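See below for the structure under consideration.
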Amino acid sequence: MDATPRTGRTTVMAWAGGVLYLFLLAVLVGAAHRASGTVHAVGSLLAVSLLVGVLRRAPLTALALTLLGAALVVACTPSSGRASLVVSYQGQFLSYLAVDLVLGYVVATGTRRASIGAVAVSSTVQTLLVGAFAHGDNMISVGVIALLAMVASCMVGLLSRERREHAVALRSQEVAEAVTAERLRIARELHDMVAHSIGIIAIQAGMGSRVIRTQPAEAREALRAIEATSRETLSGLRRTLVALRQAEPGGADPAPASLAPSPGLADLEQLAAATADAGVRVDVCRAGEPRPLPADIDLSAYRIVQEALTNVVRHAGTGHCRVLVDQGQQELSVEVVDDGRGAPGDGPAQGFGLVGMRERVGLLHGHLSAGPRPGGGFRVAARLPLPEPVRVPVEAR
């Protein structure tokens, strides 16, 4: 709430510095005949520091003030005698430095039209000053030095502008890539979560409709499975939506029930039971030494198994499959094997299941293989590298 008064004070101080700069120029001009031209030029160059505030708010105004200061210093520099004339040339060069510093800032931060106009005006004023107050051979040397100084300041300004624009472009690209990656992550989550559940619901609904008259008990079991699967899917969707809405400013706090943990390999038995309700018995085998897994690896491994089981239910045409989870020291391996008729090749017509698996594995720098088995059926295998376990040193007693 103090931002506005603070900004007002800063603005007042900036323009006060501009007024003080003009006052110091008047003092220098008044003392033109009591000091050398070099003293005047150095004084005007140091006085430019008072224009920092004006330069940040109105660069073109600051450039106009420095041009005025350089013109006054050069015009009021005493030039009687050859020695005094040389001093005058030195004063002109130092005065131009102040203008070139401001000009470089204008080129670096202003628009291209403003930069071109500032360079044109500055070069014109400096050329007129050199032509009016320099004579003989020294006119060429002073003009060349002034031109080189102005070109150098413009080049530094252009390099600074290009570097800033490149940084802005990189930040924009990073933001676009982050948005794309987040969209793909949400798409994978929704596909893996919804496709499996909808597949089971469709199979249970079809079975229930066929036996509703002849086998009411089986129909009731199918309806219960549909209800349970629907509730679980709805809960997952709520978790996803809550996670998306948490980033919105002023959003309501999510309910405690919505913050249920994401599924992992510990939930494979529950996933196998849901798949068995759809008519495919799943044998879950575990190997290796179990230890806590990073959340992203645990979730990705679960989603890979879930999508593979969904493909078995929808495409394999078999009543049995096997899931193997091998947790080693350096990598986690998951494998889903069935003895059915296999799955169709991956592509837009078949959906995004295998595409999502490859994306998940690729993000974790792992390896995925999926394809028909030589003896029949289909096999999906993923290897995910694991981070090194943290070793706590034991202090000797």
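Letters for chains follow the order of the structure tokens (A, B, ...), residue numbers begin at 1 for each chain, and ligand numbers begin at 1 in the order shown.
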Name the residues in contact with Val337 (chain A) at a cut-off of 9 Å, using only C-alpha atoms, excluding same-chain residues fewer than 3 positions from it; report them as a ChimeraX atom specification. /A:308,312,321-324,373,377-381
Output C-alpha atoms for every residue in that selection, as a short mmCIF file (atom, residue, chain, number, x, y, z; two decimals), in the first residue's frame.
```
data_model
loop_
_atom_site.label_atom_id
_atom_site.label_comp_id
_atom_site.auth_asym_id
_atom_site.auth_seq_id
_atom_site.Cartn_x
_atom_site.Cartn_y
_atom_site.Cartn_z
CA ALA A 308 -1.30 -52.18 -20.37
CA VAL A 312 -5.46 -56.50 -22.39
CA CYS A 321 -2.35 -61.95 -17.81
CA ARG A 322 0.70 -61.52 -15.62
CA VAL A 323 2.29 -58.42 -14.07
CA LEU A 324 5.90 -58.53 -12.90
CA ARG A 373 5.34 -62.05 -28.33
CA GLY A 377 0.12 -62.59 -26.94
CA PHE A 378 1.46 -59.16 -26.19
CA ARG A 379 4.21 -57.83 -23.93
CA VAL A 380 4.78 -54.38 -22.45
CA ALA A 381 8.02 -53.85 -20.53
#
```
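Between Gln126 (chain A) and the residues A:Thr66, A:Ser262, A:Gln215, A:Thr233, the shortest atom-to-atom distance, using only C-alpha atoms, involves A:Thr66.
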The distance between CA of Leu148 (chain A) and CA of Val73 (chain A) is 20.4 Å
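Closest approach to His365 (chain A) among A:Ile297, A:Ala205, A:Ala316, A:Met150: A:Ile297, based on only C-alpha atoms.
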If you count only C-alpha atoms, which residues fall within 9 Å of region 116-118 of chain A, apart from same-chain ones fewer than 6 positions away, as a ChimeraX atom specification? /A:60,63,103,106-107
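Each of A:Thr109, A:Val121, A:Pro387, A:Glu331 was compared to His367 (chain A) using only C-alpha atoms, and A:Glu331 turns out to be the nearest.
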Between A:Leu24, A:Ala219, A:Val280, A:Met155, smallest distance to Ala108 (chain A) by only C-alpha atoms belongs to A:Met155
**Prompt:** So which residues touch Ile203 (chain A) within 9 Å, counting only C-alpha atoms, skipping near sequence neighbours fewer than 3 positions away, as a ChimeraX atom specification?
**Reply:** /A:198-200,206-208,222,278-279,313-314
Dump of N, CA and C atoms for the selected residues, as a JSON list (two decimals), in the first residue's frame:
```
[["chain", "number", "residue", "atom", "x", "y", "z"],
["A", 198, "ILE", "N", -13.38, -46.52, -17.95],
["A", 198, "ILE", "CA", -14.47, -46.60, -18.93],
["A", 198, "ILE", "C", -14.48, -47.96, -19.62],
["A", 199, "GLY", "N", -13.28, -48.52, -19.86],
["A", 199, "GLY", "CA", -13.24, -49.86, -20.45],
["A", 199, "GLY", "C", -13.88, -50.90, -19.55],
["A", 200, "ILE", "N", -13.58, -50.84, -18.27],
["A", 200, "ILE", "CA", -14.18, -51.78, -17.33],
["A", 200, "ILE", "C", -15.69, -51.56, -17.23],
["A", 206, "GLY", "N", -22.05, -54.32, -20.53],
["A", 206, "GLY", "CA", -22.45, -55.29, -21.53],
["A", 206, "GLY", "C", -22.78, -56.64, -20.94],
["A", 207, "MET", "N", -21.96, -57.09, -19.98],
["A", 207, "MET", "CA", -22.23, -58.37, -19.35],
["A", 207, "MET", "C", -23.52, -58.31, -18.54],
["A", 208, "GLY", "N", -23.76, -57.22, -17.83],
["A", 208, "GLY", "CA", -24.98, -57.09, -17.03],
["A", 208, "GLY", "C", -26.22, -57.09, -17.89],
["A", 222, "ALA", "N", -22.29, -56.93, -11.53],
["A", 222, "ALA", "CA", -21.80, -56.02, -12.58],
["A", 222, "ALA", "C", -22.16, -54.58, -12.27],
["A", 278, "ALA", "N", -13.57, -57.18, -14.64],
["A", 278, "ALA", "CA", -13.85, -57.03, -16.07],
["A", 278, "ALA", "C", -13.63, -58.31, -16.85],
["A", 279, "GLY", "N", -13.23, -59.38, -16.16],
["A", 279, "GLY", "CA", -13.11, -60.67, -16.82],
["A", 279, "GLY", "C", -11.69, -61.11, -17.11],
["A", 313, "VAL", "N", -7.67, -55.93, -21.54],
["A", 313, "VAL", "CA", -9.12, -56.08, -21.43],
["A", 313, "VAL", "C", -9.80, -55.76, -22.76],
["A", 314, "ARG", "N", -9.33, -54.74, -23.46],
["A", 314, "ARG", "CA", -10.03, -54.29, -24.66],
["A", 314, "ARG", "C", -9.65, -55.07, -25.91]]
```
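If you count only C-alpha atoms and ignore residues fewer than 3 places along the chain from Gly264 (chain A), what sits within 6 Å of it is Asp267, Asp298, Leu299 and Tyr302 of chain A.
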| field | Close residues, Leu384 (chain A) itself excluded, 12 Å, only C-alpha atoms, min 5 positions apart in chain, as number ranges by chain | value | A: 293-294, 296-302, 304, 325-335, 357-358, 360-369
Correct to one decimal, the distance CA of Leu147 (chain A)-CA of Thr111 (chain A) is 22.2 Å
Note to self: Quick check for you: according to DSSP on this backbone, which residues of region 103-346 of chain A are classed as helix (DSSP H, G or I)? Reply as number ranges by chain.
What the structure shows: A: 103-109, 112-133, 137-211, 216-245, 256-259, 265-277, 295-316
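The coordinates place CA of Leu265 (chain A) at 10.4 Å from CA of Ala295 (chain A).
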